[in-house]
Amino acid sequence: MVTQTNEKNVSCSPMKNLLILLVAMLGWSVSRADIKFVNFNKIDPSGRYAGRFSQLVEHLPYYDHFSPDWIYEIPKDTLVQELTAGLRLFGTLKGDELETDLLLGELAHYLYNLDQKTYYDTAELYLTKAIGLDGKDPRGYWFLAYHYALSNEVVKGVQTFEQARSLVSDATPGEFWQEYAFAMMLGSMPSHCRYALDQYKHKGGTSQLSIVMDSVMRSKTIPADADSAYTARDLWEGFPSGARIAMISRALGVSLEVDTTDSLQMNEFSERKTAMVMQSTLIRGIRGKSFGYNIAMIVKVAEKGEDLGIFMTSIVPPGAKRDSVFLFSSLYPHGISYTFRDNRVYADRGGAHIHFIAIERESPVYPGLFLENHASEIRGTPGRLEFYTLGAVRSRFPGRIFYFFVLDTCGDIYKRSWDDFSRLITNGLILD
């Protein structure tokens with residue numbers, strides 16, 4: 001894949017024009033035509049300018065994407081004049097305001113594709129206005145999201161596509177899902193891309209582009225083998241955000257958001273399991289002394305026929321009692337919890353008060369879908385063409401996975417440590 005970025009020599013444009021050579025080479029196969037989902041009859045009820053609109057649709061293959069080298073028989077300046085004339089003409093009509101703004105936004109987007117940088121803001125303005133007129137119509141978010149994605153504003157494109165997705169219905173054209181998939185591919189969100197491609201196919205869609213995207217996503221997915229060994233670096237990736245950091249492992253199907261002040265130790269994966277230990281900062285206890293607590297997580301890829309309960313009892317110490325109700329059953333129905341209390345252990349700090357939590361998860365239909373909350377921006381050097389290669393991702397270990405958590409704390413700091421642990425499980429943990 002190739003991207004092209006331009007100098008920010010126009011104050012009203014953020015930007016960088018994104019060349020998706022994949023689109024240029026394939027010509028969208030079936031031309032992308034968002035304006036065909038604009039109801040022109042509501043803009044021009046008399047039909048006086050229907051021919052002008054049809055000409056725009058006919059010329060879409062020339063300007064619905066950015067072309068670094070102009071190889072078409074129609075001069076680029078001719079198409080620029082055609083689109084600017086359309087903006088002036090259709091903007092004066094007194095038809096439906098929503099449909100008009102959608103159309104004008106798309107025409108401005110096509111001008112931006114023809115390297116008319118000032119029209120980036122024009123497209124954004126009209127499409128944002130359309131959203132304001134009817135925030136329940138997915139087309140405004142859809143068109144704006146794709147404008148962002150093809151303008152190298154990938155994160156904004158992904159975020160806006162998610163807003164559009166929340167509004168789609170059975171009546172939404174299948175082309176939405178192909179363009180959604182393309183934006184997710186650019187954002188390095190392969191599970192979202194695969195999901196969208198399936199939706200596109202279910203809607204009867206078929207195109208060379210969708211086939212290529214599916215092939216690219218499959219080729220960039222590295223299978224995870226539970227009987228192999230991996231380093232922590234192989235499995236985990238960190239995404240800092242202020243005072244927190246999200247540790248994500250697609251292979252293990254887990255995301256944990258922890259405090260950056262906590263000490264974190266990640267172990268290698270071998271013999272179908274791995275472990276992570278988080279050590280808190282010191283907390284002032286109820287009797288004045290300060291102590292820390294530990295949270296451990298063991299992840300085990302289950303063998304065929306292996307039982308979570310048996311796995312749990314093999315780990316918990318003698319004297320631990322199974323809780324009558326799983327402590328986090330509202331979030332994870334397939335779980336078991338034990339509690340261990342012994343005042344002889346940690347006797348100088350109120351005694352041991354330890355919780356053991358085990359959760360079982362089957363492999364989902366689209367592994368990684370719930371972990372992909374961090375779209376990646378495409379960055380380039382201004383003023384030149386650059387090759388952009390999608391990064392490879394490791395797939396989730398197939399089958400069932402056991403997640404085993406331990407809160408190792410004491411009576412003197414129990415309330416604070418339990419609150420932190422509970423917050424981690426309920427708000428900071430995502431299991432695929």
# chains A, B, ... in the order shown; residues from 1 in each chain; ligands from 1
call {"tool": "residues_around", "arguments": {"residues": "Ala130 of chain A", "least_positions_apart": "2", "cutoff": "9 Å", "atoms": "only C-alpha atoms", "output": "number ranges by chain"}}
result
A: 97-102, 105, 125-128, 132-135, 137, 139-141
call {"tool": "select_by_dssp", "arguments": {"residues": "segment 52-239 of chain A", "states": "helix (DSSP H, G or I)", "output": "short mmCIF file (atom, residue, chain, number, x, y, z; two decimals) with N, CA, C and O atoms, in the first residue's frame"}}
result
data_model
loop_
_atom_site.label_atom_id
_atom_site.label_comp_id
_atom_site.auth_asym_id
_atom_site.auth_seq_id
_atom_site.Cartn_x
_atom_site.Cartn_y
_atom_site.Cartn_z
N ARG A 52 -27.08 16.61 -15.43
CA ARG A 52 -25.83 17.05 -14.82
C ARG A 52 -25.43 16.10 -13.68
O ARG A 52 -24.24 15.76 -13.52
N PHE A 53 -26.41 15.66 -12.92
CA PHE A 53 -26.14 14.73 -11.83
C PHE A 53 -25.66 13.38 -12.38
O PHE A 53 -24.71 12.78 -11.86
N SER A 54 -26.29 12.92 -13.46
CA SER A 54 -25.90 11.64 -14.06
C SER A 54 -24.46 11.69 -14.58
O SER A 54 -23.72 10.71 -14.50
N GLN A 55 -24.07 12.86 -15.09
CA GLN A 55 -22.68 13.01 -15.57
C GLN A 55 -21.69 12.89 -14.41
O GLN A 55 -20.62 12.27 -14.55
N LEU A 56 -22.05 13.45 -13.25
CA LEU A 56 -21.19 13.32 -12.08
C LEU A 56 -21.02 11.86 -11.69
O LEU A 56 -19.92 11.40 -11.38
N VAL A 57 -22.12 11.11 -11.69
CA VAL A 57 -22.07 9.69 -11.35
C VAL A 57 -21.21 8.94 -12.37
O VAL A 57 -20.40 8.07 -12.02
N GLU A 58 -21.35 9.30 -13.63
CA GLU A 58 -20.59 8.65 -14.69
C GLU A 58 -19.09 8.88 -14.53
O GLU A 58 -18.27 7.99 -14.84
N LEU A 60 -17.45 9.34 -11.72
CA LEU A 60 -16.93 8.96 -10.41
C LEU A 60 -15.61 8.19 -10.46
O LEU A 60 -14.73 8.42 -9.62
N PRO A 61 -15.43 7.26 -11.39
CA PRO A 61 -14.16 6.51 -11.39
C PRO A 61 -12.92 7.38 -11.53
O PRO A 61 -11.82 6.94 -11.20
N TYR A 62 -13.09 8.62 -11.98
CA TYR A 62 -11.93 9.50 -12.13
C TYR A 62 -11.56 10.21 -10.83
O TYR A 62 -10.39 10.55 -10.63
N TYR A 63 -12.56 10.46 -9.98
CA TYR A 63 -12.24 11.30 -8.81
C TYR A 63 -12.76 10.78 -7.48
O TYR A 63 -12.76 11.49 -6.49
N LYS A 76 -7.60 16.63 -15.85
CA LYS A 76 -8.00 16.85 -14.46
C LYS A 76 -8.71 18.20 -14.30
O LYS A 76 -9.70 18.31 -13.58
N ASP A 77 -8.22 19.24 -15.00
CA ASP A 77 -8.83 20.56 -14.87
C ASP A 77 -10.28 20.56 -15.32
O ASP A 77 -11.11 21.30 -14.79
N THR A 78 -10.59 19.74 -16.33
CA THR A 78 -11.98 19.65 -16.80
C THR A 78 -12.88 19.11 -15.70
O THR A 78 -14.00 19.60 -15.49
N LEU A 79 -12.40 18.11 -14.99
CA LEU A 79 -13.20 17.52 -13.91
C LEU A 79 -13.31 18.49 -12.73
O LEU A 79 -14.36 18.55 -12.07
N VAL A 80 -12.24 19.23 -12.45
CA VAL A 80 -12.30 20.23 -11.38
C VAL A 80 -13.38 21.26 -11.71
O VAL A 80 -14.19 21.64 -10.85
N GLN A 81 -13.40 21.71 -12.96
CA GLN A 81 -14.41 22.69 -13.38
C GLN A 81 -15.82 22.09 -13.27
O GLN A 81 -16.77 22.78 -12.85
N GLU A 82 -15.96 20.84 -13.64
CA GLU A 82 -17.26 20.17 -13.57
C GLU A 82 -17.77 20.10 -12.13
O GLU A 82 -18.93 20.39 -11.86
N LEU A 83 -16.88 19.75 -11.21
CA LEU A 83 -17.29 19.62 -9.80
C LEU A 83 -17.56 20.97 -9.16
O LEU A 83 -18.52 21.13 -8.40
N THR A 84 -16.71 21.96 -9.43
CA THR A 84 -16.95 23.28 -8.85
C THR A 84 -18.24 23.89 -9.40
O THR A 84 -18.98 24.56 -8.67
N ALA A 85 -18.51 23.64 -10.67
CA ALA A 85 -19.78 24.11 -11.25
C ALA A 85 -20.96 23.42 -10.57
O ALA A 85 -22.00 24.06 -10.30
N GLY A 86 -20.80 22.13 -10.29
CA GLY A 86 -21.87 21.41 -9.59
C GLY A 86 -22.10 21.95 -8.19
O GLY A 86 -23.25 22.08 -7.74
N LEU A 87 -21.02 22.28 -7.49
CA LEU A 87 -21.15 22.88 -6.16
C LEU A 87 -21.94 24.18 -6.22
O LEU A 87 -22.84 24.43 -5.40
N ARG A 88 -21.61 25.03 -7.20
CA ARG A 88 -22.31 26.31 -7.31
C ARG A 88 -23.78 26.11 -7.68
O ARG A 88 -24.67 26.72 -7.09
N LEU A 89 -24.00 25.24 -8.65
CA LEU A 89 -25.36 25.05 -9.15
C LEU A 89 -26.28 24.41 -8.12
O LEU A 89 -27.33 24.97 -7.78
N PHE A 90 -25.88 23.28 -7.59
CA PHE A 90 -26.77 22.55 -6.68
C PHE A 90 -26.91 23.26 -5.34
O PHE A 90 -27.91 23.07 -4.64
N GLY A 91 -25.92 24.09 -5.01
CA GLY A 91 -26.03 24.86 -3.78
C GLY A 91 -27.07 25.94 -3.84
O GLY A 91 -27.52 26.45 -2.79
N THR A 92 -27.49 26.34 -5.04
CA THR A 92 -28.50 27.39 -5.19
C THR A 92 -29.93 26.85 -5.23
O THR A 92 -30.88 27.62 -5.15
N GLU A 97 -32.77 20.17 2.27
CA GLU A 97 -31.49 20.67 2.77
C GLU A 97 -30.53 19.53 3.12
O GLU A 97 -29.33 19.61 2.85
N LEU A 98 -31.05 18.47 3.75
CA LEU A 98 -30.19 17.35 4.13
C LEU A 98 -29.56 16.70 2.90
O LEU A 98 -28.33 16.50 2.85
N GLU A 99 -30.39 16.38 1.90
CA GLU A 99 -29.87 15.73 0.70
C GLU A 99 -28.88 16.64 -0.03
O GLU A 99 -27.86 16.18 -0.54
N THR A 100 -29.16 17.94 -0.03
CA THR A 100 -28.26 18.89 -0.68
C THR A 100 -26.91 18.93 0.00
O THR A 100 -25.85 18.90 -0.65
N ASP A 101 -26.90 18.98 1.33
CA ASP A 101 -25.63 19.04 2.06
C ASP A 101 -24.82 17.76 1.86
O ASP A 101 -23.59 17.80 1.76
N LEU A 102 -25.50 16.62 1.83
CA LEU A 102 -24.79 15.37 1.58
C LEU A 102 -24.13 15.39 0.20
O LEU A 102 -22.97 14.98 0.04
N LEU A 103 -24.88 15.87 -0.80
CA LEU A 103 -24.34 15.94 -2.15
C LEU A 103 -23.16 16.91 -2.23
O LEU A 103 -22.10 16.58 -2.78
N LEU A 104 -23.32 18.09 -1.68
CA LEU A 104 -22.26 19.10 -1.74
C LEU A 104 -21.01 18.63 -0.99
O LEU A 104 -19.88 18.89 -1.41
N GLY A 105 -21.21 17.95 0.13
CA GLY A 105 -20.08 17.40 0.87
C GLY A 105 -19.29 16.40 0.05
O GLY A 105 -18.05 16.39 0.05
N GLU A 106 -20.01 15.56 -0.67
CA GLU A 106 -19.33 14.58 -1.52
C GLU A 106 -18.61 15.23 -2.69
O GLU A 106 -17.49 14.84 -3.04
N LEU A 107 -19.23 16.24 -3.31
CA LEU A 107 -18.56 16.91 -4.42
C LEU A 107 -17.28 17.59 -3.94
O LEU A 107 -16.25 17.56 -4.64
N ALA A 108 -17.32 18.19 -2.76
CA ALA A 108 -16.11 18.80 -2.20
C ALA A 108 -15.05 17.74 -1.90
O ALA A 108 -13.85 17.97 -2.10
N HIS A 109 -15.49 16.59 -1.43
CA HIS A 109 -14.55 15.48 -1.18
C HIS A 109 -13.87 15.05 -2.48
O HIS A 109 -12.65 14.80 -2.51
N TYR A 110 -14.63 14.98 -3.57
CA TYR A 110 -14.04 14.59 -4.85
C TYR A 110 -13.04 15.64 -5.33
O TYR A 110 -12.00 15.30 -5.91
N LEU A 111 -13.33 16.93 -5.09
CA LEU A 111 -12.37 17.98 -5.43
C LEU A 111 -11.08 17.83 -4.63
O LEU A 111 -9.98 18.04 -5.15
N TYR A 112 -11.22 17.45 -3.36
CA TYR A 112 -10.04 17.20 -2.55
C TYR A 112 -9.23 16.05 -3.13
O TYR A 112 -7.99 16.08 -3.15
N ASN A 113 -9.92 15.03 -3.62
CA ASN A 113 -9.22 13.92 -4.26
C ASN A 113 -8.46 14.36 -5.51
O ASN A 113 -7.48 13.72 -5.90
N TYR A 119 -10.65 22.21 -0.38
CA TYR A 119 -11.98 21.61 -0.29
C TYR A 119 -12.07 20.54 0.81
O TYR A 119 -13.15 19.99 1.03
N TYR A 120 -10.96 20.26 1.49
CA TYR A 120 -11.05 19.37 2.64
C TYR A 120 -12.04 19.94 3.65
O TYR A 120 -12.96 19.26 4.10
N ASP A 121 -11.85 21.20 4.02
CA ASP A 121 -12.73 21.83 5.00
C ASP A 121 -14.14 22.00 4.48
O ASP A 121 -15.11 21.91 5.24
N THR A 122 -14.29 22.23 3.18
CA THR A 122 -15.62 22.39 2.59
C THR A 122 -16.41 21.10 2.73
O THR A 122 -17.59 21.12 3.12
N ALA A 123 -15.76 19.99 2.42
CA ALA A 123 -16.43 18.69 2.57
C ALA A 123 -16.82 18.45 4.02
O ALA A 123 -17.95 18.03 4.32
N GLU A 124 -15.88 18.69 4.93
CA GLU A 124 -16.16 18.48 6.35
C GLU A 124 -17.31 19.37 6.81
O GLU A 124 -18.18 18.93 7.58
N LEU A 125 -17.35 20.61 6.35
CA LEU A 125 -18.39 21.56 6.76
C LEU A 125 -19.77 21.08 6.33
O LEU A 125 -20.71 21.03 7.14
N TYR A 126 -19.92 20.70 5.06
CA TYR A 126 -21.23 20.27 4.57
C TYR A 126 -21.69 18.98 5.23
O TYR A 126 -22.87 18.82 5.59
N LEU A 127 -20.79 18.03 5.39
CA LEU A 127 -21.18 16.74 5.96
C LEU A 127 -21.48 16.87 7.45
O LEU A 127 -22.40 16.21 7.96
N THR A 128 -20.75 17.72 8.15
CA THR A 128 -21.06 17.98 9.56
C THR A 128 -22.42 18.67 9.68
O THR A 128 -23.20 18.39 10.60
N LYS A 129 -22.71 19.56 8.74
CA LYS A 129 -24.01 20.23 8.72
C LYS A 129 -25.13 19.22 8.49
O LYS A 129 -26.20 19.30 9.10
N ALA A 130 -24.90 18.26 7.60
CA ALA A 130 -25.90 17.22 7.34
C ALA A 130 -26.18 16.40 8.60
O ALA A 130 -27.33 16.06 8.89
N ILE A 131 -25.12 16.10 9.36
CA ILE A 131 -25.29 15.36 10.61
C ILE A 131 -26.14 16.17 11.58
O ILE A 131 -27.01 15.64 12.28
N GLY A 132 -25.92 17.48 11.62
CA GLY A 132 -26.71 18.33 12.49
C GLY A 132 -28.17 18.39 12.11
O GLY A 132 -29.05 18.54 12.98
N LEU A 133 -28.46 18.24 10.82
CA LEU A 133 -29.85 18.27 10.36
C LEU A 133 -30.59 16.99 10.73
O LEU A 133 -31.78 17.01 11.03
N PRO A 138 -27.53 7.62 9.04
CA PRO A 138 -26.11 7.20 9.06
C PRO A 138 -25.28 7.78 7.93
O PRO A 138 -24.06 7.78 8.01
N ARG A 139 -25.92 8.31 6.89
CA ARG A 139 -25.16 8.73 5.71
C ARG A 139 -24.20 9.89 6.03
O ARG A 139 -23.09 9.94 5.48
N GLY A 140 -24.62 10.83 6.88
CA GLY A 140 -23.74 11.94 7.21
C GLY A 140 -22.46 11.47 7.84
O GLY A 140 -21.35 11.85 7.43
N TYR A 141 -22.58 10.59 8.85
CA TYR A 141 -21.39 10.03 9.50
C TYR A 141 -20.60 9.15 8.54
O TYR A 141 -19.35 9.17 8.54
N TRP A 142 -21.31 8.39 7.73
CA TRP A 142 -20.67 7.49 6.77
C TRP A 142 -19.81 8.27 5.79
O TRP A 142 -18.61 8.00 5.62
N PHE A 143 -20.40 9.27 5.13
CA PHE A 143 -19.66 10.04 4.12
C PHE A 143 -18.49 10.79 4.76
O PHE A 143 -17.41 10.86 4.19
N LEU A 144 -18.73 11.35 5.95
CA LEU A 144 -17.66 12.09 6.63
C LEU A 144 -16.53 11.15 7.05
O LEU A 144 -15.35 11.50 6.93
N ALA A 145 -16.89 9.98 7.55
CA ALA A 145 -15.88 9.01 7.97
C ALA A 145 -14.99 8.62 6.81
O ALA A 145 -13.76 8.52 6.95
N TYR A 146 -15.59 8.40 5.65
CA TYR A 146 -14.77 8.00 4.51
C TYR A 146 -13.91 9.15 4.00
O TYR A 146 -12.79 8.95 3.54
N HIS A 147 -14.44 10.35 4.10
CA HIS A 147 -13.64 11.54 3.76
C HIS A 147 -12.40 11.61 4.65
O HIS A 147 -11.29 11.83 4.17
N TYR A 148 -12.59 11.39 5.94
CA TYR A 148 -11.45 11.38 6.86
C TYR A 148 -10.46 10.27 6.51
O TYR A 148 -9.25 10.48 6.46
N ALA A 149 -10.99 9.07 6.28
CA ALA A 149 -10.11 7.92 6.04
C ALA A 149 -9.24 8.12 4.81
O ALA A 149 -8.04 7.80 4.81
N VAL A 154 -7.01 8.79 9.75
CA VAL A 154 -7.54 7.44 9.94
C VAL A 154 -8.25 7.28 11.28
O VAL A 154 -9.33 6.68 11.36
N VAL A 155 -7.67 7.81 12.35
CA VAL A 155 -8.31 7.66 13.66
C VAL A 155 -9.67 8.34 13.68
O VAL A 155 -10.66 7.77 14.15
N LYS A 156 -9.76 9.56 13.14
CA LYS A 156 -11.05 10.24 13.05
C LYS A 156 -12.00 9.47 12.15
O LYS A 156 -13.21 9.41 12.42
N GLY A 157 -11.47 8.87 11.08
CA GLY A 157 -12.32 8.08 10.20
C GLY A 157 -12.91 6.87 10.91
O GLY A 157 -14.10 6.59 10.79
N VAL A 158 -12.08 6.16 11.68
CA VAL A 158 -12.56 4.99 12.42
C VAL A 158 -13.61 5.41 13.45
O VAL A 158 -14.66 4.78 13.58
N GLN A 159 -13.34 6.47 14.19
CA GLN A 159 -14.27 6.93 15.22
C GLN A 159 -15.61 7.34 14.61
O GLN A 159 -16.67 7.02 15.14
N THR A 160 -15.56 8.03 13.47
CA THR A 160 -16.79 8.48 12.84
C THR A 160 -17.54 7.32 12.21
O THR A 160 -18.78 7.29 12.22
N PHE A 161 -16.81 6.34 11.66
CA PHE A 161 -17.47 5.14 11.13
C PHE A 161 -18.19 4.39 12.25
O PHE A 161 -19.26 3.80 12.03
N GLU A 162 -17.62 4.37 13.45
CA GLU A 162 -18.28 3.71 14.57
C GLU A 162 -19.59 4.41 14.91
O GLU A 162 -20.58 3.76 15.27
N GLN A 163 -19.62 5.73 14.78
CA GLN A 163 -20.87 6.46 15.00
C GLN A 163 -21.88 6.09 13.92
O GLN A 163 -23.08 5.92 14.21
N ALA A 164 -21.42 5.96 12.70
CA ALA A 164 -22.32 5.56 11.62
C ALA A 164 -22.85 4.15 11.84
O ALA A 164 -24.04 3.86 11.62
N ARG A 165 -21.97 3.26 12.28
CA ARG A 165 -22.36 1.85 12.47
C ARG A 165 -23.48 1.72 13.50
O ARG A 165 -24.34 0.84 13.39
N GLU A 175 -22.73 -1.22 0.46
CA GLU A 175 -21.48 -0.50 0.21
C GLU A 175 -20.94 0.15 1.46
O GLU A 175 -19.73 0.38 1.58
N PHE A 176 -21.82 0.47 2.41
CA PHE A 176 -21.35 1.03 3.68
C PHE A 176 -20.32 0.10 4.31
O PHE A 176 -19.27 0.55 4.80
N TRP A 177 -20.60 -1.20 4.29
CA TRP A 177 -19.74 -2.15 4.99
C TRP A 177 -18.40 -2.31 4.28
O TRP A 177 -17.37 -2.54 4.92
N GLN A 178 -18.38 -2.16 2.95
CA GLN A 178 -17.10 -2.26 2.25
C GLN A 178 -16.22 -1.05 2.61
O GLN A 178 -15.01 -1.21 2.84
N GLU A 179 -16.81 0.13 2.66
CA GLU A 179 -16.03 1.32 2.99
C GLU A 179 -15.62 1.31 4.46
O GLU A 179 -14.52 1.74 4.83
N TYR A 180 -16.50 0.81 5.32
CA TYR A 180 -16.16 0.63 6.74
C TYR A 180 -14.97 -0.32 6.86
O TYR A 180 -14.01 -0.05 7.59
N ALA A 181 -15.02 -1.43 6.12
CA ALA A 181 -13.94 -2.41 6.17
C ALA A 181 -12.62 -1.78 5.72
O ALA A 181 -11.56 -2.03 6.31
N PHE A 182 -12.68 -0.95 4.70
CA PHE A 182 -11.47 -0.32 4.19
C PHE A 182 -10.85 0.60 5.24
O PHE A 182 -9.63 0.59 5.45
N ALA A 183 -11.68 1.39 5.92
CA ALA A 183 -11.18 2.27 6.97
C ALA A 183 -10.58 1.47 8.12
O ALA A 183 -9.55 1.85 8.69
N MET A 184 -11.22 0.34 8.47
CA MET A 184 -10.69 -0.48 9.56
C MET A 184 -9.36 -1.12 9.17
O MET A 184 -8.47 -1.29 10.01
N MET A 185 -9.21 -1.46 7.90
CA MET A 185 -7.94 -2.00 7.44
C MET A 185 -6.84 -0.95 7.58
O MET A 185 -5.74 -1.24 8.05
N LEU A 186 -7.16 0.29 7.20
CA LEU A 186 -6.18 1.36 7.33
C LEU A 186 -5.82 1.61 8.79
O LEU A 186 -4.69 1.97 9.11
N PRO A 190 -7.90 -5.45 12.05
CA PRO A 190 -8.27 -6.53 11.14
C PRO A 190 -9.56 -7.26 11.49
O PRO A 190 -10.28 -7.70 10.61
N SER A 191 -9.87 -7.38 12.79
CA SER A 191 -11.09 -8.09 13.17
C SER A 191 -12.33 -7.30 12.75
O SER A 191 -13.31 -7.87 12.28
N HIS A 192 -12.28 -5.99 12.93
CA HIS A 192 -13.38 -5.15 12.47
C HIS A 192 -13.51 -5.21 10.95
O HIS A 192 -14.61 -5.22 10.40
N CYS A 193 -12.35 -5.26 10.27
CA CYS A 193 -12.37 -5.36 8.81
C CYS A 193 -13.02 -6.66 8.37
O CYS A 193 -13.89 -6.66 7.49
N ARG A 194 -12.62 -7.77 8.98
CA ARG A 194 -13.20 -9.07 8.60
C ARG A 194 -14.70 -9.11 8.90
O ARG A 194 -15.49 -9.64 8.11
N TYR A 195 -15.08 -8.56 10.06
CA TYR A 195 -16.51 -8.51 10.40
C TYR A 195 -17.29 -7.73 9.34
O TYR A 195 -18.35 -8.16 8.88
N ALA A 196 -16.77 -6.57 8.95
CA ALA A 196 -17.46 -5.73 7.98
C ALA A 196 -17.54 -6.41 6.61
O ALA A 196 -18.56 -6.31 5.91
N LEU A 197 -16.47 -7.10 6.21
CA LEU A 197 -16.50 -7.80 4.93
C LEU A 197 -17.57 -8.88 4.92
O LEU A 197 -18.24 -9.10 3.90
N ASP A 198 -17.74 -9.55 6.05
CA ASP A 198 -18.81 -10.56 6.13
C ASP A 198 -20.19 -9.90 6.01
O ASP A 198 -21.09 -10.44 5.35
N GLN A 199 -20.36 -8.74 6.64
CA GLN A 199 -21.63 -8.02 6.51
C GLN A 199 -21.86 -7.61 5.06
O GLN A 199 -22.99 -7.68 4.56
N TYR A 200 -20.81 -7.18 4.40
CA TYR A 200 -20.91 -6.79 3.00
C TYR A 200 -21.34 -7.98 2.14
O TYR A 200 -22.24 -7.86 1.28
N LYS A 201 -20.75 -9.14 2.39
CA LYS A 201 -21.12 -10.33 1.63
C LYS A 201 -22.55 -10.75 1.92
O LYS A 201 -23.29 -11.16 1.01
N HIS A 202 -22.96 -10.65 3.19
CA HIS A 202 -24.32 -11.03 3.56
C HIS A 202 -25.36 -10.12 2.90
O HIS A 202 -26.50 -10.53 2.70
N GLN A 208 -13.82 -6.95 -6.44
CA GLN A 208 -12.42 -7.36 -6.39
C GLN A 208 -11.75 -6.77 -5.15
O GLN A 208 -10.90 -7.41 -4.52
N LEU A 209 -12.14 -5.54 -4.79
CA LEU A 209 -11.54 -4.90 -3.63
C LEU A 209 -11.81 -5.69 -2.36
O LEU A 209 -10.91 -5.90 -1.53
N SER A 210 -13.05 -6.15 -2.18
CA SER A 210 -13.37 -6.89 -0.96
C SER A 210 -12.59 -8.20 -0.91
O SER A 210 -12.16 -8.64 0.16
N ILE A 211 -12.40 -8.82 -2.06
CA ILE A 211 -11.62 -10.06 -2.12
C ILE A 211 -10.17 -9.79 -1.74
O ILE A 211 -9.55 -10.54 -0.98
N VAL A 212 -9.61 -8.69 -2.25
CA VAL A 212 -8.23 -8.35 -1.94
C VAL A 212 -8.08 -8.01 -0.46
O VAL A 212 -7.12 -8.46 0.20
N MET A 213 -9.02 -7.23 0.08
CA MET A 213 -8.94 -6.89 1.50
C MET A 213 -8.99 -8.13 2.37
O MET A 213 -8.23 -8.27 3.33
N ASP A 214 -9.89 -9.06 2.04
CA ASP A 214 -9.99 -10.29 2.80
C ASP A 214 -8.68 -11.07 2.73
O ASP A 214 -8.18 -11.59 3.74
N SER A 215 -8.09 -11.12 1.55
CA SER A 215 -6.82 -11.84 1.37
C SER A 215 -5.71 -11.17 2.17
O SER A 215 -4.89 -11.84 2.81
N VAL A 216 -5.67 -9.83 2.14
CA VAL A 216 -4.64 -9.10 2.88
C VAL A 216 -4.77 -9.35 4.38
O VAL A 216 -3.79 -9.62 5.07
N MET A 217 -6.00 -9.28 4.88
CA MET A 217 -6.21 -9.49 6.32
C MET A 217 -5.80 -10.90 6.74
O MET A 217 -5.19 -11.09 7.80
N ARG A 218 -6.12 -11.87 5.93
CA ARG A 218 -5.72 -13.25 6.26
C ARG A 218 -4.21 -13.41 6.21
O ARG A 218 -3.61 -14.10 7.06
N SER A 219 -3.58 -12.80 5.22
CA SER A 219 -2.13 -12.95 5.08
C SER A 219 -1.37 -12.26 6.20
O SER A 219 -0.23 -12.62 6.50
N ALA A 232 7.26 -12.55 26.22
CA ALA A 232 6.23 -11.56 26.56
C ALA A 232 6.11 -10.52 25.46
O ALA A 232 5.00 -10.06 25.13
N ARG A 233 7.23 -10.16 24.85
CA ARG A 233 7.20 -9.17 23.77
C ARG A 233 6.41 -9.68 22.57
O ARG A 233 5.80 -8.90 21.83
N ASP A 234 6.45 -11.00 22.34
CA ASP A 234 5.69 -11.58 21.24
C ASP A 234 4.18 -11.42 21.43
O ASP A 234 3.43 -11.33 20.45
N LEU A 235 3.75 -11.41 22.69
CA LEU A 235 2.31 -11.51 22.97
C LEU A 235 1.66 -10.20 23.41
O LEU A 235 0.45 -10.06 23.25
#
call {"tool": "closest_residue", "arguments": {"among": "A:Ala275, A:Val325, A:Leu331, A:Val316", "to": "Tyr403 of chain A", "atoms": "only C-alpha atoms"}}
result
A:Ala275
call {"tool": "residues_around", "arguments": {"residues": "Glu362 of chain A", "least_positions_apart": "4", "cutoff": "9 Å", "atoms": "only C-alpha atoms", "output": "PyMOL selection string"}}
result
chain A and resi 398-401+432
call {"tool": "closest_residue", "arguments": {"among": "A:Ser255, A:Thr260, A:Gln279, A:Thr172", "to": "Asp34 of chain A", "atoms": "only C-alpha atoms"}}
result
A:Thr172
call {"tool": "residues_around", "arguments": {"residues": "Phe356 of chain A", "least_positions_apart": "4", "cutoff": "8 Å", "atoms": "only C-alpha atoms", "output": "PyMOL selection string"}}
result
chain A and resi 316+337-339+404-407
call {"tool": "atom_distance", "arguments": {"atom1": "atom CA of Phe328 of chain A", "atom2": "atom CA of Thr426 of chain A"}}
result
7.9 Å
call {"tool": "closest_residue", "arguments": {"among": "A:Leu431, A:Val299, A:Val393, A:Ile74", "to": "Thr274 of chain A", "atoms": "only C-alpha atoms"}}
result
A:Val299
call {"tool": "closest_atom_pairs", "arguments": {"of": "segment 278-333 of chain A", "to": "segment 414-418 of chain A", "cutoff": "10 Å", "atoms": "only C-alpha atoms", "output": "JSON lines"}}
result
{"residue": "A:Ser280", "atom": "CA", "partner": "A:Ser417", "partner_atom": "CA", "distance": 8.8}
{"residue": "A:Ile283", "atom": "CA", "partner": "A:Arg416", "partner_atom": "CA", "distance": 8.2}
{"residue": "A:Arg284", "atom": "CA", "partner": "A:Arg416", "partner_atom": "CA", "distance": 9.6}
{"residue": "A:Gly285", "atom": "CA", "partner": "A:Tyr414", "partner_atom": "CA", "distance": 8.5}
{"residue": "A:Ile286", "atom": "CA", "partner": "A:Tyr414", "partner_atom": "CA", "distance": 9.3}
{"residue": "A:Gly292", "atom": "CA", "partner": "A:Ser417", "partner_atom": "CA", "distance": 8.5}
{"residue": "A:Tyr293", "atom": "CA", "partner": "A:Ser417", "partner_atom": "CA", "distance": 6.8}
{"residue": "A:Asn294", "atom": "CA", "partner": "A:Ser417", "partner_atom": "CA", "distance": 8.9}
{"residue": "A:Ile295", "atom": "CA", "partner": "A:Ser417", "partner_atom": "CA", "distance": 9.4}
call {"tool": "residues_around", "arguments": {"residues": "segment 367-372 of chain A", "least_positions_apart": "2", "cutoff": "8 Å", "atoms": "only C-alpha atoms", "output": "JSON, numbers by chain"}}
result
{"A": [189, 191, 192, 248, 250, 253, 254, 255, 363, 364, 365, 374, 375, 395, 396, 430, 431, 432]}
